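Written below as structure tokens is the structure these notes are about.
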Amino acid sequence: GGSLFYPLAAGQIKKGAYVLAKDKFPCKCIDYSTSKTGKHGHAKAKIIAIDIFTGTRHEILCPTSHNINVPNVTRKDYLVTNIEDGYLTLLDGNTEKTDVKVPSDEIGEQITSDFENGKDLLVTVIGAMNQQ
């Protein structure tokens with residue numbers, strides 16, 4: 001449980017941290033800079049972040065004193081036990097998970113070919129904002 005995200009002052013965001021772009025896209029911060037205080041007295045944070053699911057680049061500008069939402073990101077490792085109809089069958093101890101699609105990129109092709117060649121595969125599933 002818990003909430004999908006929590007607020008954090010923009011001035012506390014660090015490179016490599018997760019942030020929520022436009023309050024719905026979970027992203028990883030790849031660059032962070034601040035500008036000097038302007039005539040209105042607020043330093044601005046400039047955060048460049050990449051969507052953890054789509055790879056889309058987002059730029060977030062906001063005063064360092066304002067809150068920015070940070071997604072709760074989960075990471076879990078699973079053993080691949082089967083691939084059927086474009087979905088992975090994953091095992092974590094005794095719990096089976098069958099709702100993860102094979103990625104539609106070279107990673108997905110690598111997983112499929114390695115699995116067909118009989119290799120033991122461990123995949124990491126990242127979840128945020130009810131997506132994975």
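Residue numbering restarts at 1 in every chain; chains get A, B, ... in the order shown in the structure tokens, and ligands count up from 1 in that same order.
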> In chain A, what's strand (DSSP E) per DSSP? Answer as a PyMOL selection string?
Replying inline: chain A and resi 5-9+18-21+25-34+44-51+57-63+67-71+74-84+87-92+95-101+122-127
>> At a cut-off of 12 Å, using only C-alpha atoms, what residues contact Lys24 (chain A)? Leave out same-chain residues fewer than 5 positions from it and give the result as an MDAnalysis selection string.
In response: chainID A and resid 4:5 19 51:53 58 68:71 128:131
Selected residues, all heavy atoms, written as a short mmCIF file (atom, residue, chain, number, x, y, z; two decimals), in the first residue's frame, please.
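That gives us selection-v4.cif:
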data_model
loop_
_atom_site.label_atom_id
_atom_site.label_comp_id
_atom_site.auth_asym_id
_atom_site.auth_seq_id
_atom_site.Cartn_x
_atom_site.Cartn_y
_atom_site.Cartn_z
N LEU A 4 0.92 6.69 -3.85
CA LEU A 4 1.68 6.54 -5.08
C LEU A 4 2.86 7.50 -5.14
O LEU A 4 3.83 7.25 -5.83
CB LEU A 4 0.77 6.81 -6.28
CG LEU A 4 -0.39 5.83 -6.47
CD1 LEU A 4 -1.29 6.26 -7.61
CD2 LEU A 4 0.14 4.43 -6.72
N PHE A 5 2.76 8.63 -4.42
CA PHE A 5 3.85 9.61 -4.42
C PHE A 5 3.82 10.42 -3.14
O PHE A 5 2.86 10.35 -2.37
CB PHE A 5 3.76 10.53 -5.65
CG PHE A 5 2.45 11.25 -5.78
CD1 PHE A 5 2.23 12.46 -5.11
CD2 PHE A 5 1.45 10.73 -6.56
CE1 PHE A 5 1.03 13.12 -5.23
CE2 PHE A 5 0.22 11.39 -6.68
CZ PHE A 5 0.02 12.59 -6.02
N VAL A 19 11.43 11.59 -9.75
CA VAL A 19 10.50 12.72 -9.63
C VAL A 19 9.29 12.42 -10.50
O VAL A 19 9.34 11.57 -11.38
CB VAL A 19 11.13 14.06 -10.09
CG1 VAL A 19 12.26 14.47 -9.17
CG2 VAL A 19 11.60 14.01 -11.53
N ASP A 51 11.60 9.59 -18.37
CA ASP A 51 10.50 8.70 -17.95
C ASP A 51 11.04 7.28 -17.79
O ASP A 51 11.68 6.75 -18.71
CB ASP A 51 9.39 8.75 -19.00
CG ASP A 51 8.13 8.03 -18.55
OD1 ASP A 51 8.22 6.83 -18.21
OD2 ASP A 51 7.05 8.65 -18.56
N ILE A 52 10.80 6.64 -16.63
CA ILE A 52 11.37 5.31 -16.38
C ILE A 52 10.70 4.22 -17.20
O ILE A 52 11.22 3.12 -17.32
CB ILE A 52 11.36 4.93 -14.87
CG1 ILE A 52 9.94 4.88 -14.31
CG2 ILE A 52 12.24 5.85 -14.08
CD1 ILE A 52 9.87 4.40 -12.86
N PHE A 53 9.54 4.51 -17.80
CA PHE A 53 8.86 3.50 -18.61
C PHE A 53 9.02 3.74 -20.11
O PHE A 53 9.18 2.81 -20.88
CB PHE A 53 7.37 3.43 -18.27
CG PHE A 53 7.12 2.97 -16.86
CD1 PHE A 53 6.46 3.78 -15.95
CD2 PHE A 53 7.58 1.74 -16.41
CE1 PHE A 53 6.25 3.38 -14.64
CE2 PHE A 53 7.38 1.32 -15.11
CZ PHE A 53 6.71 2.14 -14.22
N HIS A 58 11.76 14.92 -19.91
CA HIS A 58 10.92 15.98 -19.35
C HIS A 58 11.81 17.03 -18.70
O HIS A 58 12.83 16.69 -18.12
CB HIS A 58 9.96 15.43 -18.29
CG HIS A 58 8.91 14.51 -18.83
ND1 HIS A 58 7.76 14.95 -19.42
CD2 HIS A 58 8.86 13.15 -18.88
CE1 HIS A 58 7.03 13.90 -19.81
NE2 HIS A 58 7.68 12.80 -19.49
N ILE A 68 7.77 19.26 -4.94
CA ILE A 68 7.61 18.52 -6.18
C ILE A 68 7.25 17.10 -5.75
O ILE A 68 7.69 16.64 -4.70
CB ILE A 68 8.92 18.59 -7.00
CG1 ILE A 68 8.70 18.06 -8.40
CG2 ILE A 68 10.05 17.86 -6.34
CD1 ILE A 68 9.81 18.48 -9.36
N ASN A 69 6.39 16.45 -6.52
CA ASN A 69 5.99 15.10 -6.13
C ASN A 69 7.01 14.07 -6.57
O ASN A 69 7.55 14.13 -7.67
CB ASN A 69 4.61 14.77 -6.70
CG ASN A 69 3.52 15.49 -5.95
OD1 ASN A 69 3.61 15.68 -4.74
ND2 ASN A 69 2.49 15.94 -6.65
N VAL A 70 7.28 13.13 -5.68
CA VAL A 70 8.24 12.06 -5.90
C VAL A 70 7.47 10.74 -5.88
O VAL A 70 6.78 10.45 -4.90
CB VAL A 70 9.32 12.07 -4.79
CG1 VAL A 70 10.28 10.91 -4.94
CG2 VAL A 70 10.07 13.40 -4.80
N PRO A 71 7.57 9.94 -6.96
CA PRO A 71 6.82 8.68 -6.98
C PRO A 71 7.46 7.64 -6.07
O PRO A 71 8.67 7.62 -5.90
CB PRO A 71 6.91 8.23 -8.44
CG PRO A 71 8.20 8.83 -8.93
CD PRO A 71 8.37 10.13 -8.18
N ALA A 128 5.74 1.87 -10.52
CA ALA A 128 5.49 3.22 -10.02
C ALA A 128 4.17 3.69 -10.59
O ALA A 128 3.83 3.39 -11.73
CB ALA A 128 6.61 4.17 -10.42
N MET A 129 3.42 4.44 -9.81
CA MET A 129 2.16 5.03 -10.29
C MET A 129 1.22 3.98 -10.91
O MET A 129 0.61 4.19 -11.94
CB MET A 129 2.44 6.14 -11.31
CG MET A 129 3.29 7.29 -10.77
SD MET A 129 2.54 8.11 -9.36
CE MET A 129 1.19 8.96 -10.15
N ASN A 130 1.12 2.82 -10.27
CA ASN A 130 0.28 1.71 -10.74
C ASN A 130 0.66 1.20 -12.13
O ASN A 130 -0.17 0.63 -12.82
CB ASN A 130 -1.21 2.08 -10.70
CG ASN A 130 -1.71 2.15 -9.28
OD1 ASN A 130 -1.15 1.52 -8.39
ND2 ASN A 130 -2.74 2.93 -9.05
N GLN A 131 1.89 1.41 -12.55
CA GLN A 131 2.40 0.86 -13.81
C GLN A 131 3.60 -0.01 -13.46
O GLN A 131 4.18 0.15 -12.42
CB GLN A 131 2.94 1.96 -14.73
CG GLN A 131 1.95 2.83 -15.41
CD GLN A 131 2.70 3.74 -16.38
OE1 GLN A 131 3.37 3.28 -17.29
NE2 GLN A 131 2.58 5.03 -16.17
#
> Can you list, as a PyMOL selection string, every protein, DNA or RNA residue that comes within 6 Å of region 79-89 of chain A when you count only C-alpha atoms, leaving out same-chain residues fewer than 2 positions away?
Replying inline: chain A and resi 91+97-98+100-102+121-122
> How many Å separate CA of Ser65 (chain A) from CA of Thr37 (chain A)?
Replying inline: 11.3 Å
> Pick from A:Gln132, A:Thr124, A:Asn67, A:Thr74: nearest to Asp99 (chain A), with only C-alpha atoms counted?
Replying inline: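 Using only C-alpha atoms, Asp99 (chain A) sits closest to A:Gln132.
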>> I need the residues in chain A that are alpha helix (DSSP H) according to DSSP; give them as a list in words.
In response: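 Here are the alpha helix (DSSP H) residues of chain A: Glu106, Ile107, Gly108, Glu109, Gln110, Ile111, Thr112, Ser113, Asp114, Phe115 and Glu116 of chain A.
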Write the residues you've just listed into a file as a PDB file, in the first residue's frame, and include N, CA, C and O atoms for each of them.
ATOM      1  N   GLU A 106      14.909  -4.381 -27.944  1.00  0.00           N
ATOM      2  CA  GLU A 106      15.970  -5.395 -27.987  1.00  0.00           C
ATOM      3  C   GLU A 106      16.108  -6.140 -26.664  1.00  0.00           C
ATOM      4  O   GLU A 106      16.521  -7.286 -26.637  1.00  0.00           O
ATOM      5  N   ILE A 107      15.713  -5.512 -25.541  1.00  0.00           N
ATOM      6  CA  ILE A 107      15.746  -6.214 -24.245  1.00  0.00           C
ATOM      7  C   ILE A 107      14.762  -7.380 -24.282  1.00  0.00           C
ATOM      8  O   ILE A 107      15.077  -8.490 -23.867  1.00  0.00           O
ATOM      9  N   GLY A 108      13.566  -7.133 -24.811  1.00  0.00           N
ATOM     10  CA  GLY A 108      12.563  -8.191 -24.936  1.00  0.00           C
ATOM     11  C   GLY A 108      13.027  -9.322 -25.825  1.00  0.00           C
ATOM     12  O   GLY A 108      12.833 -10.495 -25.531  1.00  0.00           O
ATOM     13  N   GLU A 109      13.687  -8.956 -26.954  1.00  0.00           N
ATOM     14  CA  GLU A 109      14.218  -9.976 -27.867  1.00  0.00           C
ATOM     15  C   GLU A 109      15.304 -10.804 -27.181  1.00  0.00           C
ATOM     16  O   GLU A 109      15.370 -12.013 -27.339  1.00  0.00           O
ATOM     17  N   GLN A 110      16.147 -10.128 -26.382  1.00  0.00           N
ATOM     18  CA  GLN A 110      17.223 -10.810 -25.658  1.00  0.00           C
ATOM     19  C   GLN A 110      16.645 -11.780 -24.621  1.00  0.00           C
ATOM     20  O   GLN A 110      17.086 -12.919 -24.512  1.00  0.00           O
ATOM     21  N   ILE A 111      15.619 -11.314 -23.888  1.00  0.00           N
ATOM     22  CA  ILE A 111      14.966 -12.177 -22.884  1.00  0.00           C
ATOM     23  C   ILE A 111      14.406 -13.419 -23.571  1.00  0.00           C
ATOM     24  O   ILE A 111      14.628 -14.548 -23.132  1.00  0.00           O
ATOM     25  N   THR A 112      13.691 -13.214 -24.707  1.00  0.00           N
ATOM     26  CA  THR A 112      13.066 -14.333 -25.416  1.00  0.00           C
ATOM     27  C   THR A 112      14.104 -15.323 -25.929  1.00  0.00           C
ATOM     28  O   THR A 112      13.974 -16.526 -25.723  1.00  0.00           O
ATOM     29  N   SER A 113      15.179 -14.809 -26.576  1.00  0.00           N
ATOM     30  CA  SER A 113      16.168 -15.742 -27.138  1.00  0.00           C
ATOM     31  C   SER A 113      16.933 -16.466 -26.034  1.00  0.00           C
ATOM     32  O   SER A 113      17.200 -17.661 -26.148  1.00  0.00           O
ATOM     33  N   ASP A 114      17.292 -15.745 -24.953  1.00  0.00           N
ATOM     34  CA  ASP A 114      17.985 -16.401 -23.839  1.00  0.00           C
ATOM     35  C   ASP A 114      17.105 -17.471 -23.209  1.00  0.00           C
ATOM     36  O   ASP A 114      17.577 -18.552 -22.853  1.00  0.00           O
ATOM     37  N   PHE A 115      15.805 -17.174 -23.076  1.00  0.00           N
ATOM     38  CA  PHE A 115      14.884 -18.146 -22.474  1.00  0.00           C
ATOM     39  C   PHE A 115      14.780 -19.389 -23.357  1.00  0.00           C
ATOM     40  O   PHE A 115      14.837 -20.520 -22.870  1.00  0.00           O
ATOM     41  N   GLU A 116      14.655 -19.162 -24.674  1.00  0.00           N
ATOM     42  CA  GLU A 116      14.543 -20.297 -25.603  1.00  0.00           C
ATOM     43  C   GLU A 116      15.813 -21.140 -25.625  1.00  0.00           C
ATOM     44  O   GLU A 116      15.773 -22.329 -25.918  1.00  0.00           O
TER      45      GLU A 116
END
> Using only C-alpha atoms, which residue out of A:Leu61, A:Ala43, A:Leu90, A:Val125 lies closest to Ala21 (chain A)?
Replying inline: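 Smallest separation from Ala21 (chain A) among the options: A:Leu61.
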> What is the CA of Asn72 (chain A) to CA of Ala17 (chain A) distance in Å?
Replying inline: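 Pair CA of Asn72 (chain A) / CA of Ala17 (chain A) returns 11.0 Å.
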> Looking at only C-alpha atoms, which of A:Thr64, A:Thr95, A:Ser104, A:Thr56 is the one that sits closest to Ile13 (chain A)?
Replying inline: A:Thr64
> How far is it from CA of Lys44 (chain A) to CA of Cys62 (chain A), in Å with one decimal?
Replying inline: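 Computing it gives 5.4 Å between the two atoms.
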>> Given only C-alpha atoms as the basis, pick out the residue of A:Val123, A:Ile30, A:Ala45, A:Ile50 nearest to Gln12 (chain A).
In response: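 Using only C-alpha atoms, the shortest distance to Gln12 (chain A) belongs to A:Ala45.
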